[in-house]
file run-v2.cif (mmCIF, C-alpha atoms)
data_work
loop_
_atom_site.label_atom_id
_atom_site.label_comp_id
_atom_site.auth_asym_id
_atom_site.auth_seq_id
_atom_site.Cartn_x
_atom_site.Cartn_y
_atom_site.Cartn_z
CA MET A 218 -46.41 -150.66 51.00
CA SER A 219 -46.23 -154.46 50.97
CA ARG A 220 -45.51 -156.36 47.77
CA SER A 221 -48.90 -158.14 47.88
CA ARG A 222 -50.75 -154.84 48.24
CA SER A 223 -48.79 -153.37 45.31
CA ILE A 224 -49.76 -156.37 43.20
CA THR A 225 -53.42 -155.99 44.19
CA ILE A 226 -53.50 -152.28 43.31
CA GLY A 227 -51.72 -152.99 40.02
CA SER A 228 -54.25 -155.70 39.17
CA ILE A 229 -57.15 -153.34 39.87
CA VAL A 230 -55.64 -150.66 37.63
CA VAL A 231 -55.15 -153.18 34.82
CA LEU A 232 -58.75 -154.38 35.18
CA ILE A 233 -60.06 -150.80 35.07
CA LEU A 234 -58.04 -150.04 31.95
CA PHE A 235 -59.20 -153.27 30.34
CA SER A 236 -62.84 -152.45 31.16
CA VAL A 237 -62.51 -148.95 29.69
CA ILE A 238 -61.05 -150.35 26.46
CA VAL A 239 -63.74 -153.05 26.19
CA TRP A 240 -66.56 -150.58 26.78
CA SER A 241 -65.06 -148.07 24.33
CA ALA A 242 -64.89 -150.81 21.69
CA ALA A 243 -68.49 -151.82 22.40
CA LEU A 244 -69.74 -148.24 22.13
CA SER A 245 -67.84 -147.66 18.86
CA LYS A 246 -69.38 -150.86 17.48
CA GLN A 247 -72.84 -149.47 18.25
CA ASP A 248 -72.01 -146.46 16.05
CA GLN A 249 -71.07 -148.57 13.01
CA GLY A 250 -73.08 -147.41 10.02
CA LEU A 251 -73.64 -143.97 11.57
CA LEU A 252 -72.02 -140.64 10.77
CA ARG A 253 -71.25 -138.65 13.92
CA VAL A 254 -70.53 -134.91 13.78
CA SER A 255 -69.57 -132.94 16.90
CA PHE A 256 -69.19 -129.17 17.09
CA LEU A 257 -66.74 -128.90 19.97
CA ASN A 258 -67.03 -126.40 22.79
CA ILE A 259 -63.56 -124.87 22.51
CA GLY A 260 -64.39 -121.20 23.10
CA GLN A 261 -64.23 -118.50 20.44
CA GLY A 262 -63.37 -120.54 17.37
CA ASP A 263 -64.24 -123.61 15.31
CA ALA A 264 -63.45 -127.27 15.89
CA ILE A 265 -65.56 -129.97 14.23
CA PHE A 266 -64.90 -133.66 14.95
CA ILE A 267 -66.31 -136.20 12.51
CA VAL A 268 -66.49 -139.99 12.77
CA SER A 269 -67.41 -141.68 9.49
CA PRO A 270 -69.76 -144.68 9.36
CA ASP A 271 -66.77 -147.04 9.29
CA GLY A 272 -64.86 -145.28 12.06
CA LYS A 273 -62.55 -142.86 10.22
CA GLN A 274 -61.82 -139.75 12.31
CA ILE A 275 -61.62 -136.27 10.78
CA LEU A 276 -60.97 -132.97 12.54
CA ILE A 277 -61.86 -129.70 10.86
CA ASP A 278 -60.11 -126.81 12.65
CA GLY A 279 -58.95 -126.79 16.24
CA GLY A 280 -60.06 -123.61 17.94
CA PRO A 281 -57.76 -121.02 19.49
CA GLY A 282 -55.58 -123.12 21.77
CA GLY A 283 -55.45 -125.64 24.62
CA ALA A 284 -59.18 -126.33 24.89
CA LEU A 285 -59.05 -128.78 21.97
CA LEU A 286 -56.81 -131.28 23.77
CA ARG A 287 -59.07 -131.12 26.82
CA VAL A 288 -62.26 -131.68 24.83
CA LEU A 289 -61.15 -134.36 22.34
CA PRO A 290 -61.23 -137.22 24.89
CA SER A 291 -64.97 -136.60 25.27
CA VAL A 292 -65.62 -137.53 21.63
CA MET A 293 -62.88 -140.07 20.87
CA PRO A 294 -61.14 -142.78 22.93
CA TRP A 295 -58.66 -141.18 25.34
CA TYR A 296 -55.98 -143.71 24.37
CA ASP A 297 -56.32 -143.05 20.61
CA ARG A 298 -53.60 -140.77 19.24
CA SER A 299 -54.35 -140.94 15.53
CA LEU A 300 -56.55 -139.03 13.10
CA ASP A 301 -57.31 -139.91 9.49
CA MET A 302 -57.58 -136.30 8.36
CA VAL A 303 -57.01 -132.81 9.71
CA VAL A 304 -58.38 -129.76 7.88
CA GLY A 305 -57.17 -126.29 8.83
CA THR A 306 -59.67 -124.17 6.92
CA HIS A 307 -57.57 -120.99 7.07
CA ALA A 308 -54.68 -119.34 8.84
CA ASP A 309 -56.50 -117.52 11.66
CA LEU A 310 -55.51 -118.46 15.22
CA ASP A 311 -59.08 -119.27 16.30
CA HIS A 312 -59.03 -122.12 13.77
CA ILE A 313 -55.45 -123.43 13.80
CA GLY A 314 -54.28 -122.61 17.34
CA GLY A 315 -55.46 -125.93 18.73
CA LEU A 316 -54.04 -127.80 15.73
CA ILE A 317 -50.56 -126.44 16.52
CA GLU A 318 -50.79 -128.15 19.90
CA LEU A 319 -52.43 -131.30 18.53
CA LEU A 320 -50.07 -132.20 15.68
CA PRO A 321 -47.00 -133.03 17.81
CA ARG A 322 -49.15 -135.41 19.90
CA TYR A 323 -51.21 -137.19 17.22
CA ARG A 324 -50.36 -139.18 14.12
CA VAL A 325 -52.25 -137.74 11.14
CA ARG A 326 -52.64 -139.54 7.80
CA THR A 327 -53.86 -136.62 5.67
CA VAL A 328 -53.68 -132.83 6.07
CA LEU A 329 -55.83 -130.56 3.91
CA LEU A 330 -54.53 -127.00 3.55
CA PRO A 331 -56.02 -123.79 2.14
CA SER A 332 -54.26 -122.19 -0.82
CA THR A 333 -54.61 -118.80 0.90
CA GLN A 334 -51.49 -118.05 2.93
CA GLY A 335 -51.29 -116.34 6.29
CA ASP A 336 -48.47 -114.07 7.42
CA SER A 337 -48.62 -114.70 11.17
CA ASP A 338 -46.20 -116.58 13.41
CA ALA A 339 -49.04 -118.98 14.24
CA TRP A 340 -49.50 -119.88 10.58
CA ARG A 341 -45.79 -120.45 10.09
CA THR A 342 -45.68 -122.61 13.20
CA TYR A 343 -48.66 -124.61 11.97
CA LEU A 344 -46.97 -125.29 8.62
CA ASP A 345 -43.81 -126.36 10.45
CA GLU A 346 -45.82 -128.86 12.49
CA VAL A 347 -47.55 -130.16 9.35
CA ARG A 348 -44.14 -130.79 7.73
CA LYS A 349 -43.11 -132.85 10.75
CA GLU A 350 -46.01 -135.29 10.20
CA LYS A 351 -43.90 -137.99 8.60
CA GLY A 352 -45.74 -140.01 5.98
CA ALA A 353 -48.77 -137.71 5.98
CA ASN A 354 -50.43 -136.89 2.67
CA VAL A 355 -50.50 -133.07 2.52
CA TYR A 356 -52.32 -131.17 -0.22
CA GLU A 357 -54.37 -128.05 -0.92
CA ALA A 358 -58.16 -128.03 -1.13
CA MET A 359 -59.83 -127.15 -4.42
CA ARG A 360 -63.47 -126.95 -5.52
CA GLY A 361 -64.70 -130.09 -7.24
CA GLU A 362 -62.76 -132.46 -5.04
CA ARG A 363 -64.77 -135.24 -3.38
CA ILE A 364 -62.96 -136.77 -0.43
CA ASP A 365 -64.11 -140.28 0.49
CA ILE A 366 -64.02 -140.48 4.28
CA GLY A 367 -65.32 -144.03 4.47
CA GLY A 368 -68.54 -145.94 4.98
CA GLY A 369 -70.30 -144.16 2.13
CA ALA A 370 -69.72 -140.64 3.50
CA HIS A 371 -67.78 -137.98 1.63
CA LEU A 372 -66.61 -134.40 1.99
CA ASP A 373 -67.18 -132.11 -1.00
CA VAL A 374 -64.92 -129.05 -1.34
CA LEU A 375 -67.03 -126.09 -2.54
CA PHE A 376 -64.44 -123.31 -2.20
CA PRO A 377 -61.86 -122.07 -3.11
CA ASP A 378 -62.37 -122.69 -6.82
CA ARG A 379 -58.87 -121.55 -7.86
CA GLU A 380 -55.41 -120.92 -6.45
CA ALA A 381 -55.79 -117.88 -4.22
CA PRO A 382 -52.57 -117.33 -2.21
CA ASN A 383 -53.19 -113.61 -1.71
CA LEU A 384 -56.85 -113.62 -0.73
CA GLU A 385 -57.79 -112.42 2.74
CA THR A 386 -57.78 -115.50 4.97
CA ASN A 387 -61.53 -115.60 5.70
CA THR A 388 -62.39 -115.00 2.05
CA GLY A 389 -60.18 -117.91 0.93
CA CYS A 390 -61.11 -120.40 3.64
CA ILE A 391 -62.07 -124.00 2.81
CA VAL A 392 -65.84 -124.40 2.49
CA THR A 393 -67.02 -128.02 2.61
CA ARG A 394 -70.26 -129.98 2.55
CA LEU A 395 -70.28 -133.29 4.39
CA VAL A 396 -72.64 -135.84 2.79
CA TYR A 397 -73.93 -139.22 3.93
CA GLY A 398 -76.81 -140.78 2.03
CA THR A 399 -79.50 -138.15 1.65
CA THR A 400 -78.23 -136.13 4.64
CA ALA A 401 -75.67 -133.32 4.66
CA PHE A 402 -73.82 -130.82 6.85
CA MET A 403 -72.81 -127.41 5.46
CA LEU A 404 -69.49 -126.20 6.89
CA PRO A 405 -68.67 -122.70 5.53
CA CYS A 406 -65.70 -121.86 7.83
CA ASP A 407 -65.46 -118.04 8.10
CA ALA A 408 -66.49 -117.37 4.50
CA PRO A 409 -67.99 -113.87 4.15
CA ASP A 410 -71.40 -113.21 2.60
CA GLU A 411 -69.96 -112.46 -0.85
CA ILE A 412 -68.51 -115.99 -1.03
CA GLU A 413 -71.78 -117.45 0.26
CA THR A 414 -73.67 -115.52 -2.42
CA TYR A 415 -71.19 -116.74 -5.05
CA LEU A 416 -71.80 -120.34 -3.97
CA ALA A 417 -75.55 -119.74 -4.04
CA LEU A 418 -75.23 -118.67 -7.68
CA LEU A 419 -73.01 -121.65 -8.53
CA ASP A 420 -74.83 -124.41 -6.67
CA GLY A 421 -78.37 -123.23 -5.97
CA SER A 422 -80.58 -125.83 -4.28
CA ALA A 423 -77.69 -128.33 -4.28
CA LEU A 424 -76.50 -126.50 -1.13
CA GLN A 425 -79.41 -127.90 0.89
CA SER A 426 -78.19 -129.48 4.14
CA ASP A 427 -79.70 -130.73 7.38
CA VAL A 428 -77.25 -128.79 9.58
CA LEU A 429 -75.49 -125.48 8.90
CA LYS A 430 -72.57 -124.27 10.95
CA ALA A 431 -73.23 -120.54 10.91
CA GLY A 432 -70.39 -118.83 9.05
CA HIS A 433 -67.79 -116.87 11.02
CA HIS A 434 -69.30 -117.74 14.43
CA GLY A 435 -72.49 -115.85 13.64
CA SER A 436 -70.84 -112.63 12.46
CA LYS A 437 -72.99 -110.13 10.58
CA THR A 438 -70.53 -110.44 7.68
CA SER A 439 -71.70 -114.02 7.00
CA SER A 440 -75.00 -115.96 6.79
CA ALA A 441 -76.25 -114.15 3.68
CA PRO A 442 -80.04 -114.65 3.44
CA ILE A 443 -79.83 -116.19 -0.05
CA PHE A 444 -77.28 -118.73 1.20
CA VAL A 445 -79.19 -119.58 4.38
CA GLY A 446 -82.41 -119.94 2.40
CA LEU A 447 -80.87 -122.36 -0.10
CA VAL A 448 -79.14 -124.43 2.58
CA ASP A 449 -82.49 -124.54 4.40
CA PRO A 450 -81.20 -126.48 7.42
CA ALA A 451 -83.18 -128.09 10.20
CA TYR A 452 -80.56 -126.70 12.63
CA ALA A 453 -77.95 -123.94 12.62
CA VAL A 454 -74.97 -124.06 14.99
CA PHE A 455 -73.12 -121.08 16.44
CA SER A 456 -69.55 -122.07 17.36
CA ARG A 457 -68.32 -119.27 19.60
CA GLY A 458 -67.12 -118.24 23.03
CA CYS A 459 -69.38 -116.70 25.64
CA GLU A 460 -69.21 -112.90 25.88
CA ASN A 461 -66.66 -112.72 23.05
CA LYS A 462 -65.37 -109.27 22.16
CA TYR A 463 -66.87 -109.43 18.64
CA GLY A 464 -70.48 -109.68 19.79
CA HIS A 465 -71.04 -113.02 18.01
CA PRO A 466 -73.66 -113.98 17.13
CA SER A 467 -74.79 -110.65 15.73
CA ARG A 468 -78.38 -109.48 16.01
CA GLU A 469 -78.59 -109.38 12.22
CA THR A 470 -77.59 -113.03 11.89
CA VAL A 471 -79.90 -114.16 14.68
CA ALA A 472 -82.71 -112.32 12.88
CA THR A 473 -81.85 -114.04 9.58
CA PHE A 474 -82.26 -117.50 11.09
CA ALA A 475 -85.45 -116.42 12.85
CA ARG A 476 -86.79 -115.14 9.53
CA PHE A 477 -86.36 -118.62 8.03
CA ASN A 478 -87.70 -120.33 11.18
CA ILE A 479 -84.40 -122.19 11.65
CA PRO A 480 -83.65 -123.25 15.25
CA THR A 481 -80.17 -122.27 16.45
CA ILE A 482 -77.89 -124.10 18.88
CA ASP A 483 -74.89 -122.48 20.55
CA THR A 484 -71.68 -124.07 21.86
CA CYS A 485 -71.49 -121.29 24.46
CA THR A 486 -74.78 -122.26 26.10
CA ASP A 487 -75.15 -125.89 24.99
CA GLY A 488 -71.54 -127.08 25.14
CA THR A 489 -70.32 -129.61 22.59
CA ILE A 490 -73.13 -130.31 20.11
CA THR A 491 -73.33 -133.73 18.46
CA PHE A 492 -75.48 -134.96 15.58
CA VAL A 493 -75.79 -138.50 14.22
CA SER A 494 -76.92 -139.50 10.73
CA ASP A 495 -77.96 -142.94 9.51
CA GLY A 496 -77.88 -141.70 5.94
CA ALA A 497 -81.60 -140.94 5.87
CA ARG A 498 -82.14 -138.85 8.97
CA VAL A 499 -80.09 -136.55 11.20
CA THR A 500 -80.77 -136.55 14.94
CA ARG A 501 -79.21 -134.56 17.75
CA LYS A 502 -77.60 -136.61 20.49
#
call {"tool": "encode", "arguments": {"input": "run-v2.cif", "output": "structure tokens"}}
result
Amino acid sequence: MSRSRSITIGSIVVLILFSVIVWSAALSKQDQGLLRVSFLNIGQGDAIFIVSPDGKQILIDGGPGGALLRVLPSVMPWYDRSLDMVVGTHADLDHIGGLIELLPRYRVRTVLLPSTQGDSDAWRTYLDEVRKEKGANVYEAMRGERIDIGGGAHLDVLFPDREAPNLETNTGCIVTRLVYGTTAFMLPCDAPDEIETYLALLDGSALQSDVLKAGHHGSKTSSAPIFVGLVDPAYAVFSRGCENKYGHPSRETVATFARFNIPTIDTCTDGTITFVSDGARVTRK
């Protein structure tokens, strides 16, 4: 290949990269003042990517494995290798597997951990990767904490409400409610119905949210009617893999949402699901 041709090809590549960066910056500018929440299509598991109104990036869970790294470039700039916060809601592989692969490749400013401890190799590996995040602020979630994620949006921790190192991992998972203006997203991880009922007794109508991620991928052990009724969402999201061995979502859970006339959306059939809030209204993208 001649030197002039090499220079020409190199110039074209540089121009393409420059154009991508310029357009990415322009698109992100259009989203200023908006909260963006994406339920990622990562198979049988949870992964929720949040962009605050001023551009902070938060990832709650990472699914079971490699799918996260393939999907992330669809919701954040491919050249960006930093996250403002990572939340691993509990020790199960379908929530932290992708985070194990992500942490060595991304710089993370804050890591939020559950107080409930796992006993698997995956959990120990995850904690090892968290410790390697030099300069990261690492702490345990506790009810009553309000995490400012920027631009007027915040993440409220609803559970656990005490140190619970020996609780079963689903029972002790980190339940959060994401709030921006008068809009909200309820994110109950894999919390079972007894925890949902407990929160219903504690918080009542304050649980109301525009979007509910169905607990435990639509398992019959979550989505207690009293909880679903108080959250009273405009949409419910099933985050799950197609033809999973657990039968998620269960017929009982599907019937619960139908009983309350709540439309459901499914990452299996709909792919990655994104909502945008301007602080007054939530719309699906």
call {"tool": "closest_residue", "arguments": {"input": "run-v2.cif", "among": "A:Pro466, A:Thr388, A:Phe256, A:Ser439", "to": "Val288 (chain A)", "atoms": "all atoms listed in the file"}}
result
A:Phe256
call {"tool": "resolve_selection", "arguments": {"input": "run-v2.cif", "expression": "the PyMOL selection byres ((chain A and resi 469-482) around 12)", "output": "short mmCIF file (atom, residue, chain, number, x, y, z; two decimals) with C-alpha atoms, in the coordinates of the input"}}
result
data_model
loop_
_atom_site.label_atom_id
_atom_site.label_comp_id
_atom_site.auth_asym_id
_atom_site.auth_seq_id
_atom_site.Cartn_x
_atom_site.Cartn_y
_atom_site.Cartn_z
CA PHE A 256 -69.19 -129.17 17.09
CA ASN A 258 -67.03 -126.40 22.79
CA ASP A 410 -71.40 -113.21 2.60
CA ASP A 427 -79.70 -130.73 7.38
CA VAL A 428 -77.25 -128.79 9.58
CA LEU A 429 -75.49 -125.48 8.90
CA LYS A 430 -72.57 -124.27 10.95
CA ALA A 431 -73.23 -120.54 10.91
CA GLY A 432 -70.39 -118.83 9.05
CA HIS A 433 -67.79 -116.87 11.02
CA HIS A 434 -69.30 -117.74 14.43
CA GLY A 435 -72.49 -115.85 13.64
CA SER A 436 -70.84 -112.63 12.46
CA LYS A 437 -72.99 -110.13 10.58
CA THR A 438 -70.53 -110.44 7.68
CA SER A 439 -71.70 -114.02 7.00
CA SER A 440 -75.00 -115.96 6.79
CA ALA A 441 -76.25 -114.15 3.68
CA PRO A 442 -80.04 -114.65 3.44
CA ILE A 443 -79.83 -116.19 -0.05
CA PHE A 444 -77.28 -118.73 1.20
CA VAL A 445 -79.19 -119.58 4.38
CA GLY A 446 -82.41 -119.94 2.40
CA LEU A 447 -80.87 -122.36 -0.10
CA VAL A 448 -79.14 -124.43 2.58
CA ASP A 449 -82.49 -124.54 4.40
CA PRO A 450 -81.20 -126.48 7.42
CA ALA A 451 -83.18 -128.09 10.20
CA TYR A 452 -80.56 -126.70 12.63
CA ALA A 453 -77.95 -123.94 12.62
CA VAL A 454 -74.97 -124.06 14.99
CA PHE A 455 -73.12 -121.08 16.44
CA SER A 456 -69.55 -122.07 17.36
CA ARG A 457 -68.32 -119.27 19.60
CA GLY A 464 -70.48 -109.68 19.79
CA HIS A 465 -71.04 -113.02 18.01
CA PRO A 466 -73.66 -113.98 17.13
CA SER A 467 -74.79 -110.65 15.73
CA ARG A 468 -78.38 -109.48 16.01
CA ASP A 483 -74.89 -122.48 20.55
CA THR A 484 -71.68 -124.07 21.86
CA CYS A 485 -71.49 -121.29 24.46
CA THR A 486 -74.78 -122.26 26.10
CA ASP A 487 -75.15 -125.89 24.99
CA GLY A 488 -71.54 -127.08 25.14
CA THR A 489 -70.32 -129.61 22.59
CA ILE A 490 -73.13 -130.31 20.11
CA THR A 491 -73.33 -133.73 18.46
CA PHE A 492 -75.48 -134.96 15.58
CA ARG A 501 -79.21 -134.56 17.75
#
call {"tool": "closest_residue", "arguments": {"input": "run-v2.cif", "among": "A:Leu276, A:Val392, A:Ala339, A:Val355", "to": "Asp373 (chain A)", "atoms": "only C-alpha atoms"}}
result
A:Val392
call {"tool": "residues_around", "arguments": {"input": "run-v2.cif", "residues": "Phe266 (chain A)", "least_positions_apart": "5", "cutoff": "10 Å", "atoms": "only C-alpha atoms", "output": "PyMOL selection string"}}
result
chain A and resi 253-257+274-279+289+292-293+303+491
call {"tool": "closest_residue", "arguments": {"input": "run-v2.cif", "among": "A:Asp378, A:Asp495, A:Asp345, A:Asp309", "to": "Thr400 (chain A)", "atoms": "all atoms listed in the file"}}
result
A:Asp495
call {"tool": "resolve_selection", "arguments": {"input": "run-v2.cif", "expression": "the PyMOL selection byres ((chain A and resi 372) around 9)", "output": "PDB file with C-alpha atoms, keeping the file's coordinate frame"}}
result
ATOM      1  CA  GLU A 362     -62.760-132.460  -5.040  1.00  0.00           C
ATOM      2  CA  ARG A 363     -64.770-135.240  -3.380  1.00  0.00           C
ATOM      3  CA  ILE A 364     -62.960-136.770  -0.430  1.00  0.00           C
ATOM      4  CA  ASP A 365     -64.110-140.280   0.490  1.00  0.00           C
ATOM      5  CA  ILE A 366     -64.020-140.480   4.280  1.00  0.00           C
ATOM      6  CA  ALA A 370     -69.720-140.640   3.500  1.00  0.00           C
ATOM      7  CA  HIS A 371     -67.780-137.980   1.630  1.00  0.00           C
ATOM      8  CA  ASP A 373     -67.180-132.110  -1.000  1.00  0.00           C
ATOM      9  CA  VAL A 374     -64.920-129.050  -1.340  1.00  0.00           C
ATOM     10  CA  THR A 393     -67.020-128.020   2.610  1.00  0.00           C
ATOM     11  CA  ARG A 394     -70.260-129.980   2.550  1.00  0.00           C
ATOM     12  CA  LEU A 395     -70.280-133.290   4.390  1.00  0.00           C
ATOM     13  CA  VAL A 396     -72.640-135.840   2.790  1.00  0.00           C
ATOM     14  CA  TYR A 397     -73.930-139.220   3.930  1.00  0.00           C
TER      15      TYR A 397
END
call {"tool": "atom_distance", "arguments": {"input": "run-v2.cif", "atom1": "CA of Ile265 (chain A)", "atom2": "CA of Leu418 (chain A)"}}
result
26.5 Å
call {"tool": "build_atoms", "arguments": {"input": "run-v2.cif", "residues": "region 369-392 of chain A", "atoms": "N, CA and C atoms", "output": "PDB file, in the coordinates of the input"}}
result
ATOM      1  N   GLY A 369     -69.296-144.785   2.985  1.00  0.00           N
ATOM      2  CA  GLY A 369     -70.300-144.160   2.130  1.00  0.00           C
ATOM      3  C   GLY A 369     -70.439-142.665   2.324  1.00  0.00           C
ATOM      4  N   ALA A 370     -69.682-142.088   3.261  1.00  0.00           N
ATOM      5  CA  ALA A 370     -69.720-140.640   3.500  1.00  0.00           C
ATOM      6  C   ALA A 370     -68.597-139.962   2.730  1.00  0.00           C
ATOM      7  N   HIS A 371     -68.834-138.722   2.326  1.00  0.00           N
ATOM      8  CA  HIS A 371     -67.780-137.980   1.630  1.00  0.00           C
ATOM      9  C   HIS A 371     -67.864-136.498   1.968  1.00  0.00           C
ATOM     10  N   LEU A 372     -66.742-135.829   1.734  1.00  0.00           N
ATOM     11  CA  LEU A 372     -66.610-134.400   1.990  1.00  0.00           C
ATOM     12  C   LEU A 372     -66.382-133.713   0.652  1.00  0.00           C
ATOM     13  N   ASP A 373     -67.311-132.853   0.255  1.00  0.00           N
ATOM     14  CA  ASP A 373     -67.180-132.110  -1.000  1.00  0.00           C
ATOM     15  C   ASP A 373     -66.578-130.732  -0.718  1.00  0.00           C
ATOM     16  N   VAL A 374     -65.522-130.386  -1.453  1.00  0.00           N
ATOM     17  CA  VAL A 374     -64.920-129.050  -1.340  1.00  0.00           C
ATOM     18  C   VAL A 374     -65.673-128.113  -2.297  1.00  0.00           C
ATOM     19  N   LEU A 375     -66.272-127.054  -1.744  1.00  0.00           N
ATOM     20  CA  LEU A 375     -67.030-126.090  -2.540  1.00  0.00           C
ATOM     21  C   LEU A 375     -66.219-124.831  -2.864  1.00  0.00           C
ATOM     22  N   PHE A 376     -65.259-124.512  -1.996  1.00  0.00           N
ATOM     23  CA  PHE A 376     -64.440-123.310  -2.200  1.00  0.00           C
ATOM     24  C   PHE A 376     -63.141-123.473  -1.424  1.00  0.00           C
ATOM     25  N   PRO A 377     -62.014-122.945  -1.952  1.00  0.00           N
ATOM     26  CA  PRO A 377     -61.860-122.070  -3.110  1.00  0.00           C
ATOM     27  C   PRO A 377     -61.951-122.819  -4.440  1.00  0.00           C
ATOM     28  N   ASP A 378     -62.223-122.088  -5.493  1.00  0.00           N
ATOM     29  CA  ASP A 378     -62.370-122.690  -6.820  1.00  0.00           C
ATOM     30  C   ASP A 378     -61.169-122.388  -7.718  1.00  0.00           C
ATOM     31  N   ARG A 379     -60.091-121.851  -7.103  1.00  0.00           N
ATOM     32  CA  ARG A 379     -58.870-121.550  -7.860  1.00  0.00           C
ATOM     33  C   ARG A 379     -57.752-121.297  -6.840  1.00  0.00           C
ATOM     34  N   GLU A 380     -56.525-121.285  -7.314  1.00  0.00           N
ATOM     35  CA  GLU A 380     -55.410-120.920  -6.450  1.00  0.00           C
ATOM     36  C   GLU A 380     -55.584-119.469  -6.012  1.00  0.00           C
ATOM     37  N   ALA A 381     -55.523-119.240  -4.708  1.00  0.00           N
ATOM     38  CA  ALA A 381     -55.790-117.880  -4.220  1.00  0.00           C
ATOM     39  C   ALA A 381     -54.841-117.552  -3.070  1.00  0.00           C
ATOM     40  N   PRO A 382     -53.527-117.535  -3.302  1.00  0.00           N
ATOM     41  CA  PRO A 382     -52.570-117.330  -2.210  1.00  0.00           C
ATOM     42  C   PRO A 382     -52.679-115.967  -1.536  1.00  0.00           C
ATOM     43  N   ASN A 383     -53.181-114.962  -2.257  1.00  0.00           N
ATOM     44  CA  ASN A 383     -53.190-113.610  -1.710  1.00  0.00           C
ATOM     45  C   ASN A 383     -54.546-113.129  -1.232  1.00  0.00           C
ATOM     46  N   LEU A 384     -55.543-114.009  -1.254  1.00  0.00           N
ATOM     47  CA  LEU A 384     -56.850-113.620  -0.730  1.00  0.00           C
ATOM     48  C   LEU A 384     -56.772-113.419   0.786  1.00  0.00           C
ATOM     49  N   GLU A 385     -57.634-112.559   1.292  1.00  0.00           N
ATOM     50  CA  GLU A 385     -57.790-112.420   2.740  1.00  0.00           C
ATOM     51  C   GLU A 385     -58.170-113.793   3.297  1.00  0.00           C
ATOM     52  N   THR A 386     -57.675-114.120   4.483  1.00  0.00           N
ATOM     53  CA  THR A 386     -57.780-115.500   4.970  1.00  0.00           C
ATOM     54  C   THR A 386     -59.214-116.001   5.100  1.00  0.00           C
ATOM     55  N   ASN A 387     -60.131-115.172   5.614  1.00  0.00           N
ATOM     56  CA  ASN A 387     -61.530-115.600   5.700  1.00  0.00           C
ATOM     57  C   ASN A 387     -62.121-115.831   4.319  1.00  0.00           C
ATOM     58  N   THR A 388     -61.830-114.926   3.404  1.00  0.00           N
ATOM     59  CA  THR A 388     -62.390-115.000   2.050  1.00  0.00           C
ATOM     60  C   THR A 388     -61.933-116.277   1.335  1.00  0.00           C
ATOM     61  N   GLY A 389     -60.704-116.727   1.612  1.00  0.00           N
ATOM     62  CA  GLY A 389     -60.180-117.910   0.930  1.00  0.00           C
ATOM     63  C   GLY A 389     -60.273-119.194   1.728  1.00  0.00           C
ATOM     64  N   CYS A 390     -61.063-119.206   2.794  1.00  0.00           N
ATOM     65  CA  CYS A 390     -61.110-120.400   3.640  1.00  0.00           C
ATOM     66  C   CYS A 390     -61.795-121.571   2.936  1.00  0.00           C
ATOM     67  N   ILE A 391     -61.579-122.770   3.449  1.00  0.00           N
ATOM     68  CA  ILE A 391     -62.070-124.000   2.810  1.00  0.00           C
ATOM     69  C   ILE A 391     -63.522-124.255   3.220  1.00  0.00           C
ATOM     70  N   VAL A 392     -64.418-124.111   2.277  1.00  0.00           N
ATOM     71  CA  VAL A 392     -65.840-124.400   2.490  1.00  0.00           C
ATOM     72  C   VAL A 392     -66.107-125.838   2.058  1.00  0.00           C
TER      73      VAL A 392
END
